[in-house]
Amino acid sequence: MAKVRGAVVVDNEGCKGCGLCVEACPEDVLRLNREVNSRGYHYTYMENPEQCIGCANCGVVCPDTCITVYRMKI
Amino acid sequence: MVLKDLIKPENLVYGKSKVQEDVYMHYCPGCSHGVVHKILSELIEELGIQEKTVGVAPVGCAVFAYNYIDIDWQQASHGRAPAVATGISRMYPENFVFTYQGDGDLASIGAGEIMHACNRGENILVVFINNGIYGMTGGQMAPTTLEGMVTSTTPTGRNVDLNGYPMKITNLMAQLPGTSYVTRQAVHTAAAARKCKRSLKKAIENVLAKKGTSFVEVVSTCNSGWKMTPVAANIWMEMNMIPYYPLGDIKDSVKGGHIIEK
Ligand SMILES: Cc1ncc(C[n+]2csc(CCOP(=O)(O)OP(=O)(O)O)c2C)c(N)n1
Ligand code: SF4
Ligand code: SF4
């Protein structure tokens, strides 16, 4: 079976740290940063990037459309 | 494998629609409005209707919708979006016209307008954001507020003897012969948001095919107004709102046709 790898790019400045993407991720990839962006929000980052399958669940639930998702078969 | 091999245009599977303006939205973190704006932008792009789409923005948190979706907009006064949309769609029948309204806007001050637009079967889409309160003004009780729900004007919970019952306005609209497609959706999970997108697509296609009024309720959260975190608000919505406002199609018929209530 072909394996897929995914990756996300977060718009750090647009992110409002709501955490909905962290909840929506089935692979426990995302976390909220301890650091804040210039607007004071704890923006999302990939804590476990190797686990991402590129399902785009995080992108779909993000109210601020901050997540771009990439996926490829390997 | 390194991330830079993955992050390439040919591997892109999800990103921001070109129809969505490249600005930060004013909505509170985690607000459902943003997800619905995004779905509408994606559909307008996918259906290639950007040039002929006209939105009518409400009074409420979505008052600035015209800053976020790159289409023609008209602002309506509180609750009057269906009347304004009626005028636009009658004068420009080839355009795709929709209203975007909150529950205070649609079910309270604009209850008359929405009822008559749906009864006339105006060829418009109504997007109805039901977050159970008046979000913009500080979380006051709306017609849709659940029994016992604490709001800034019902600090001990909605008392139905005093305040009446939570209104299932979408079911009422399904009873009117002018509506062709009436559905209730949500966007709190990826699965729900994808389903909501399919429903909105069908609703838009119905309007393009001149089938009368399509009405899409989105059961939503207003986590600031509910005084919860965004994640807790989603859980609360699932446990409290959705049992009273169950998701799914309520009517899928034709204008003037039989009311098939599911
Ligand atoms: C004629 C009129 N009456 C009252 C108001 C005050 N007002 C502004 S927003 C709003 C409530 C909007 O609530 P809702 O429609 O539920 O939308 P939300 O903000 O929750 O998205 C009210 C009462 C107004 N702007 N105009
Ligand atoms: S694409 Fe899917 S697996 Fe990857 S971070 Fe987003 S939700 Fe998680
Ligand atoms: S859902 Fe969007 S705004 Fe919310 S934390 Fe994730 S990336 Fe940030």
# chains A, B, ... in the order shown; residues from 1 in each chain; ligands from 1
call {"tool": "interface_residues", "arguments": {"of": "chain A", "to": "chain B", "cutoff": "8 Å", "atoms": "only C-alpha atoms", "output": "PyMOL selection string"}}
result
chain A and resi 5-8+14+16-20+23-24+54+56-72
call {"tool": "residues_near_ligand", "arguments": {"ligand": "ligand 1", "cutoff": "9 Å", "atoms": "only C-alpha atoms and all ligand atoms", "output": "PyMOL selection string"}}
result
chain B and resi 33+58-63+77-79+101-109+129-142+144+222+225
call {"tool": "write_last_selection", "arguments": {"atoms": "N, CA, C and O atoms", "output": "tab-separated table (two decimals), in the first residue's frame"}}
result
chain	number	residue	atom	x	y	z
B	33	HIS	N	-18.53	31.80	12.15
B	33	HIS	CA	-18.71	32.67	10.98
B	33	HIS	C	-17.56	32.49	9.98
B	33	HIS	O	-17.78	32.45	8.77
B	58	PRO	N	-25.84	41.28	6.90
B	58	PRO	CA	-26.82	41.64	7.93
B	58	PRO	C	-26.28	42.68	8.90
B	58	PRO	O	-25.16	43.15	8.77
B	59	VAL	N	-27.07	42.96	9.91
B	59	VAL	CA	-26.56	43.60	11.11
B	59	VAL	C	-26.30	42.47	12.09
B	59	VAL	O	-27.12	41.58	12.27
B	60	GLY	N	-25.15	42.50	12.71
B	60	GLY	CA	-24.71	41.41	13.58
B	60	GLY	C	-23.22	41.27	13.37
B	60	GLY	O	-22.60	42.10	12.70
B	61	CYS	N	-22.63	40.21	13.91
B	61	CYS	CA	-21.18	40.06	13.77
B	61	CYS	C	-20.76	40.00	12.30
B	61	CYS	O	-19.65	40.40	11.97
B	62	ALA	N	-21.63	39.51	11.42
B	62	ALA	CA	-21.26	39.37	10.01
B	62	ALA	C	-21.46	40.66	9.21
B	62	ALA	O	-21.43	40.65	7.99
B	63	VAL	N	-21.61	41.76	9.92
B	63	VAL	CA	-21.84	43.04	9.25
B	63	VAL	C	-20.69	43.40	8.32
B	63	VAL	O	-20.87	44.10	7.33
B	77	SER	N	-30.34	46.85	6.54
B	77	SER	CA	-30.55	47.16	7.96
B	77	SER	C	-31.05	45.90	8.66
B	77	SER	O	-31.38	44.89	8.02
B	78	HIS	N	-31.09	45.95	9.97
B	78	HIS	CA	-31.29	44.76	10.80
B	78	HIS	C	-32.53	43.94	10.37
B	78	HIS	O	-33.65	44.44	10.41
B	79	GLY	N	-32.30	42.72	9.95
B	79	GLY	CA	-33.39	41.80	9.62
B	79	GLY	C	-33.96	41.95	8.22
B	79	GLY	O	-34.75	41.12	7.76
B	101	GLN	N	-27.31	35.80	7.45
B	101	GLN	CA	-27.97	36.41	8.60
B	101	GLN	C	-27.79	35.61	9.89
B	101	GLN	O	-27.78	34.38	9.87
B	102	GLY	N	-27.70	36.32	10.98
B	102	GLY	CA	-27.66	35.68	12.30
B	102	GLY	C	-29.06	35.37	12.79
B	102	GLY	O	-30.06	35.72	12.15
B	103	ASP	N	-29.13	34.74	13.96
B	103	ASP	CA	-30.44	34.34	14.47
B	103	ASP	C	-31.21	35.51	15.08
B	103	ASP	O	-32.44	35.53	15.01
B	104	GLY	N	-30.51	36.49	15.64
B	104	GLY	CA	-31.21	37.68	16.10
B	104	GLY	C	-31.79	38.41	14.89
B	104	GLY	O	-32.96	38.80	14.86
B	105	ASP	N	-30.95	38.55	13.89
B	105	ASP	CA	-31.32	39.26	12.67
B	105	ASP	C	-32.49	38.58	11.95
B	105	ASP	O	-33.49	39.21	11.61
B	106	LEU	N	-32.38	37.27	11.77
B	106	LEU	CA	-33.35	36.56	10.94
B	106	LEU	C	-34.61	36.16	11.71
B	106	LEU	O	-35.73	36.31	11.20
B	107	ALA	N	-34.42	35.64	12.94
B	107	ALA	CA	-35.56	35.05	13.63
B	107	ALA	C	-36.28	36.03	14.54
B	107	ALA	O	-37.38	35.75	15.01
B	108	SER	N	-35.66	37.20	14.80
B	108	SER	CA	-36.31	38.15	15.70
B	108	SER	C	-36.76	39.38	14.93
B	108	SER	O	-37.87	39.44	14.41
B	109	ILE	N	-35.84	40.34	14.77
B	109	ILE	CA	-36.27	41.60	14.14
B	109	ILE	C	-36.69	41.41	12.68
B	109	ILE	O	-37.55	42.09	12.17
B	129	ILE	N	-27.10	31.76	10.35
B	129	ILE	CA	-26.13	31.35	11.37
B	129	ILE	C	-26.81	31.37	12.74
B	129	ILE	O	-27.10	32.44	13.29
B	130	ASN	N	-27.07	30.19	13.26
B	130	ASN	CA	-27.77	30.07	14.54
B	130	ASN	C	-26.79	29.76	15.66
B	130	ASN	O	-26.42	28.61	15.87
B	131	ASN	N	-26.39	30.84	16.36
B	131	ASN	CA	-25.49	30.61	17.50
B	131	ASN	C	-26.22	30.80	18.83
B	131	ASN	O	-25.60	30.88	19.88
B	132	GLY	N	-27.53	30.87	18.76
B	132	GLY	CA	-28.34	30.85	19.98
B	132	GLY	C	-28.39	32.16	20.76
B	132	GLY	O	-29.08	32.22	21.79
B	133	ILE	N	-27.69	33.18	20.30
B	133	ILE	CA	-27.70	34.46	21.01
B	133	ILE	C	-27.49	35.63	20.03
B	133	ILE	O	-27.21	35.41	18.86
B	134	TYR	N	-27.61	36.82	20.56
B	134	TYR	CA	-27.19	38.02	19.82
B	134	TYR	C	-25.70	38.17	20.10
B	134	TYR	O	-25.30	38.62	21.18
B	135	GLY	N	-24.88	37.79	19.14
B	135	GLY	CA	-23.44	37.77	19.39
B	135	GLY	C	-22.85	39.16	19.50
B	135	GLY	O	-22.19	39.52	20.48
B	136	MET	N	-23.09	39.98	18.50
B	136	MET	CA	-22.37	41.26	18.40
B	136	MET	C	-22.61	42.20	19.58
B	136	MET	O	-21.71	42.90	20.02
B	137	THR	N	-23.82	42.18	20.09
B	137	THR	CA	-24.18	43.17	21.11
B	137	THR	C	-23.90	42.69	22.53
B	137	THR	O	-24.22	43.38	23.48
B	138	GLY	N	-23.37	41.50	22.68
B	138	GLY	CA	-22.97	41.06	24.03
B	138	GLY	C	-23.70	39.85	24.56
B	138	GLY	O	-23.83	39.67	25.77
B	139	GLY	N	-24.20	39.02	23.67
B	139	GLY	CA	-24.73	37.72	24.10
B	139	GLY	C	-26.09	37.75	24.76
B	139	GLY	O	-26.36	37.01	25.71
B	140	GLN	N	-26.98	38.61	24.25
B	140	GLN	CA	-28.35	38.61	24.79
B	140	GLN	C	-29.16	37.43	24.25
B	140	GLN	O	-28.81	36.81	23.25
B	141	MET	N	-30.28	37.14	24.90
B	141	MET	CA	-31.17	36.07	24.45
B	141	MET	C	-31.70	36.36	23.05
B	141	MET	O	-32.06	37.50	22.73
B	142	ALA	N	-31.76	35.33	22.23
B	142	ALA	CA	-32.37	35.41	20.90
B	142	ALA	C	-33.57	34.46	20.89
B	142	ALA	O	-33.74	33.66	21.82
B	144	THR	N	-33.82	31.85	19.39
B	144	THR	CA	-33.26	30.50	19.31
B	144	THR	C	-32.58	30.02	20.59
B	144	THR	O	-32.17	28.87	20.67
B	222	CYS	N	-20.83	30.67	19.46
B	222	CYS	CA	-20.34	32.03	19.72
B	222	CYS	C	-19.63	31.88	21.04
B	222	CYS	O	-20.20	32.12	22.10
B	225	GLY	N	-19.55	34.85	23.45
B	225	GLY	CA	-20.86	35.12	24.03
B	225	GLY	C	-21.28	34.04	25.02
B	225	GLY	O	-21.94	34.32	26.02
call {"tool": "select_by_dssp", "arguments": {"residues": "range 2-131 of chain B", "states": "strand (DSSP E)", "output": "list of chain:residue names"}}
result
B:Leu12, B:Val13, B:Tyr14, B:Thr53, B:Val54, B:Gly55, B:Val56, B:Ala57, B:Asp72, B:Trp73, B:Gln74, B:Gln75, B:Phe96, B:Val97, B:Phe98, B:Thr99, B:Tyr100, B:Gln101, B:Gly102, B:Leu125, B:Val126, B:Val127, B:Phe128, B:Ile129, B:Asn130
call {"tool": "select_by_dssp", "arguments": {"residues": "range 91-186 of chain B", "states": "helix (DSSP H, G or I)", "output": "list in words"}}
result
Met91, Asp103, Gly104, Asp105, Leu106, Ala107, Ser108, Ile109, Ala111, Gly112, Glu113, Ile114, Met115, His116, Ala117, Cys118, Asn119, Arg120, Val160, Asp161, Leu162, Asn163, Ile169, Thr170, Asn171, Leu172, Met173 and Ala174 of chain B
call {"tool": "residues_around", "arguments": {"residues": "Pro82 in chain B", "least_positions_apart": "3", "cutoff": "8 Å", "atoms": "only C-alpha atoms", "output": "list in words"}}
result
Gly79, Ala85, Thr86, Thr99, Glu113, Ile114, Ala117 and Val126 of chain B
call {"tool": "residues_around", "arguments": {"residues": "Glu35 in chain A", "least_positions_apart": "4", "cutoff": "12 Å", "atoms": "only C-alpha atoms", "output": "number ranges by chain"}}
result
A: 12-13, 17, 31, 39-45
call {"tool": "residues_around", "arguments": {"residues": "Arg120 in chain B", "least_positions_apart": "5", "cutoff": "10 Å", "atoms": "only C-alpha atoms", "output": "NGL selection string"}}
result
:B and (86 or 114-115 or 176-179 or 212-213 or 255-256)
call {"tool": "residues_around", "arguments": {"residues": "Thr170 in chain B", "least_positions_apart": "2", "cutoff": "9 Å", "atoms": "only C-alpha atoms", "output": "list of chain:residue names"}}
result
B:Phe128, B:Met167, B:Lys168, B:Leu172, B:Met173, B:Ala174, B:Gln175, B:Val182, B:Thr183, B:Arg184, B:Phe215, B:Val216, B:Glu217, B:Ile250
call {"tool": "closest_residue", "arguments": {"among": "A:Val29, A:Glu47, A:Val10, A:Ile53", "to": "ligand 3", "atoms": "only C-alpha atoms and all ligand atoms"}}
result
A:Val10
call {"tool": "closest_residue", "arguments": {"among": "A:Lys3, A:Val36, A:Cys21, A:Asp11", "to": "ligand 3", "atoms": "only C-alpha atoms and all ligand atoms"}}
result
A:Cys21
